[in-house]
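The file model20.cif comes next; it holds mmCIF, C-alpha atoms.
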data_final
#
loop_
_atom_site.group_PDB
_atom_site.id
_atom_site.type_symbol
_atom_site.label_atom_id
_atom_site.label_comp_id
_atom_site.auth_asym_id
_atom_site.auth_seq_id
_atom_site.Cartn_x
_atom_site.Cartn_y
_atom_site.Cartn_z
ATOM 1 C CA MET J 212 -26.115 9.730 72.846
ATOM 2 C CA SER J 213 -24.249 9.252 69.563
ATOM 3 C CA THR J 214 -20.522 9.821 69.519
ATOM 4 C CA GLY J 215 -20.364 9.978 65.728
ATOM 5 C CA THR J 216 -17.997 7.036 65.496
ATOM 6 C CA ILE J 217 -18.337 4.208 63.031
ATOM 7 C CA ASN J 218 -18.308 0.663 64.383
ATOM 8 C CA ALA J 219 -18.450 -2.785 62.811
ATOM 9 C CA SER J 220 -22.257 -2.813 62.934
ATOM 10 C CA THR J 221 -22.606 0.372 60.887
ATOM 11 C CA SER J 222 -24.171 -0.459 57.533
ATOM 12 C CA ALA J 223 -22.498 0.326 54.236
ATOM 13 C CA ALA J 224 -25.512 2.443 53.285
ATOM 14 C CA ALA J 225 -25.173 4.529 56.442
ATOM 15 C CA ILE J 226 -21.481 5.023 55.780
ATOM 16 C CA GLY J 227 -22.245 5.995 52.169
ATOM 17 C CA ASP J 228 -24.807 8.524 53.361
ATOM 18 C CA ARG J 229 -22.372 9.994 55.843
ATOM 19 C CA TYR J 230 -19.359 9.973 53.516
ATOM 20 C CA PRO J 231 -20.620 10.202 49.932
ATOM 21 C CA ALA J 232 -18.207 9.381 47.130
ATOM 22 C CA ARG J 233 -16.675 12.302 45.317
ATOM 23 C CA PRO J 234 -17.900 12.705 41.741
ATOM 24 C CA VAL J 235 -15.422 11.459 39.152
ATOM 25 C CA PRO J 236 -14.924 14.028 36.389
ATOM 26 C CA ASP J 237 -14.703 12.848 32.794
ATOM 27 C CA ASP J 238 -12.643 15.825 31.702
ATOM 28 C CA TRP J 239 -9.491 17.473 33.004
ATOM 29 C CA PRO J 240 -6.475 18.987 31.202
ATOM 30 C CA ALA J 241 -4.457 15.753 30.936
ATOM 31 C CA THR J 242 -7.347 13.981 29.187
ATOM 32 C CA ARG J 243 -7.129 16.427 26.296
ATOM 33 C CA GLN J 244 -3.467 15.917 25.458
ATOM 34 C CA LEU J 245 -2.478 14.959 21.951
ATOM 35 C CA THR J 246 -1.231 11.435 21.258
ATOM 36 C CA GLU J 247 2.361 12.622 20.887
ATOM 37 C CA GLN J 248 2.158 14.441 24.226
ATOM 38 C CA VAL J 249 0.909 11.273 25.930
ATOM 39 C CA LEU J 250 3.736 9.247 24.386
ATOM 40 C CA LYS J 251 6.317 11.822 25.543
ATOM 41 C CA LEU J 252 4.950 11.733 29.105
ATOM 42 C CA TRP J 253 5.007 7.941 29.059
ATOM 43 C CA ALA J 254 8.607 7.898 27.798
ATOM 44 C CA ALA J 255 9.678 10.282 30.558
ATOM 45 C CA ALA J 256 8.041 8.068 33.196
ATOM 46 C CA SER J 257 9.253 4.737 31.794
ATOM 47 C CA PRO J 258 11.711 2.790 33.919
ATOM 48 C CA ARG J 259 15.290 3.259 32.783
ATOM 49 C CA THR J 260 16.122 -0.321 33.751
ATOM 50 C CA GLU J 261 13.996 -1.980 31.083
ATOM 51 C CA THR J 262 15.548 -3.381 27.924
ATOM 52 C CA PRO J 263 15.119 -1.569 24.599
ATOM 53 C CA ARG J 264 12.974 -4.473 23.403
ATOM 54 C CA SER J 265 10.693 -4.196 26.434
ATOM 55 C CA HIS J 266 10.516 -0.411 26.053
ATOM 56 C CA ASN J 267 9.546 -0.712 22.379
ATOM 57 C CA PHE J 268 6.977 -3.413 23.173
ATOM 58 C CA ARG J 269 5.319 -1.202 25.789
ATOM 59 C CA ARG J 270 5.425 1.862 23.525
ATOM 60 C CA ARG J 271 3.737 -0.124 20.747
ATOM 61 C CA GLY J 272 1.069 -1.304 23.188
ATOM 62 C CA LEU J 273 0.358 2.243 24.330
ATOM 63 C CA THR J 274 0.236 3.429 20.730
ATOM 64 C CA LEU J 275 -2.286 0.696 19.854
ATOM 65 C CA LEU J 276 -4.386 1.587 22.893
ATOM 66 C CA LEU J 277 -4.433 5.273 21.968
ATOM 67 C CA GLU J 278 -5.317 4.459 18.352
ATOM 68 C CA TRP J 279 -8.186 2.272 19.568
ATOM 69 C CA LEU J 280 -9.402 4.994 21.925
ATOM 70 C CA GLN J 281 -9.406 7.518 19.082
ATOM 71 C CA GLU J 282 -12.051 5.355 17.382
ATOM 72 C CA GLN J 283 -14.376 5.645 20.394
ATOM 73 C CA PRO J 284 -16.912 8.457 20.848
ATOM 74 C CA GLY J 285 -15.938 11.341 23.097
ATOM 75 C CA ASP J 286 -13.983 14.563 23.214
ATOM 76 C CA ASN J 287 -11.033 13.301 25.287
ATOM 77 C CA TRP J 288 -9.250 10.131 26.401
ATOM 78 C CA GLN J 289 -11.337 9.633 29.558
ATOM 79 C CA GLN J 290 -14.679 10.079 27.786
ATOM 80 C CA ARG J 291 -13.588 7.645 25.075
ATOM 81 C CA TRP J 292 -12.445 5.092 27.658
ATOM 82 C CA LEU J 293 -15.802 5.301 29.444
ATOM 83 C CA ALA J 294 -17.791 5.207 26.170
ATOM 84 C CA SER J 295 -15.897 2.095 25.028
ATOM 85 C CA GLY J 296 -17.226 0.052 27.951
ATOM 86 C CA ALA J 297 -13.663 -0.786 28.989
ATOM 87 C CA ASP J 298 -13.991 0.792 32.424
ATOM 88 C CA ALA J 299 -17.139 -1.170 33.221
ATOM 89 C CA ALA J 300 -15.519 -4.393 31.937
ATOM 90 C CA GLY J 301 -12.728 -4.186 34.489
ATOM 91 C CA GLU J 302 -9.940 -6.669 33.823
ATOM 92 C CA ARG J 303 -11.861 -8.169 30.890
ATOM 93 C CA TRP J 304 -11.659 -4.982 28.811
ATOM 94 C CA ALA J 305 -8.853 -6.233 26.574
ATOM 95 C CA ASP J 306 -10.463 -9.597 25.862
ATOM 96 C CA GLY J 307 -12.478 -8.114 23.010
ATOM 97 C CA ARG J 308 -15.646 -9.822 24.217
ATOM 98 C CA ASP J 309 -18.992 -8.140 24.667
ATOM 99 C CA THR J 310 -18.983 -6.861 28.234
ATOM 100 C CA ALA J 311 -22.709 -6.181 28.523
#
Show me the file's structure as structure tokens.
Amino acid sequence: MSTGTINASTSAAAIGDRYPARPVPDDWPATRQLTEQVLKLWAAASPRTETPRSHNFRRRGLTLLLEWLQEQPGDNWQQRWLASGADAAGERWADGRDTA
């Protein structure tokens, strides 16, 4: 008789069948915000303890990222991020190397 519990011998495939991953949407309201809206949200969430130089450095980095994403195909930030290959590249996304 099965109790429905998962033990150490349960395979990953069986767990995946029992608890399938939720689909990840590529579109939601925040992904359609304008660049200036994203920068305002970032500024509101930025730590108040950082130096002005650090704040400006991070703002410039975000601005460069958003400019780069605007060059990618897609209708919103998430679709552009996925289309760029950056998500699949993981930590290597900023290296500028071919991730295929």
Nearest to Ala305 (chain J) among J:Gly272, J:Gln281, J:Ala254, J:Gln289, with distances taken over only C-alpha atoms: which residue is it?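 Result for the nearest residue to Ala305 (chain J): J:Gly272.
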Report as a PyMOL selection string the residues that result from applying the PyMOL selection byres ((chain J and resi 288) around 9) to the structure here. chain J and resi 237-238+241-244+277+280-281+285-287+289-293
Distance CA of Pro258 (chain J)-CA of Ala299 (chain J), one decimal place?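 CA of Ala299 (chain J) lies 29.1 Å from CA of Pro258 (chain J).
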With distances taken over all atoms listed in the file, which residue among J:Leu250, J:Trp239, J:Ile226, J:Thr221 lies nearest Glu278 (chain J)? J:Leu250
Carefully work through the PyMOL selection byres ((chain J and resi 268-271) around 12) for this structure and note down the residues it includes, as a list in words.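 Checked against the file, the PyMOL selection byres ((chain J and resi 268-271) around 12) matches Thr246, Glu247, Val249, Leu250, Lys251, Leu252, Trp253, Ala254, Ala255, Ala256, Ser257, Pro258, Glu261, Thr262, Pro263, Arg264, Ser265, His266, Asn267, Gly272, Leu273, Thr274, Leu275, Leu276, Leu277 and Glu278 of chain J.
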What's the separation between CA of Glu282 (chain J) and CA of Ala300 (chain J), in Å to one decimal place?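 Atom-to-atom, CA of Glu282 (chain J) to CA of Ala300 (chain J), that is 17.9 Å.
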Interatomic distance between CA of Pro240 (chain J) and CA of Gly296 (chain J)? 22.0 Å
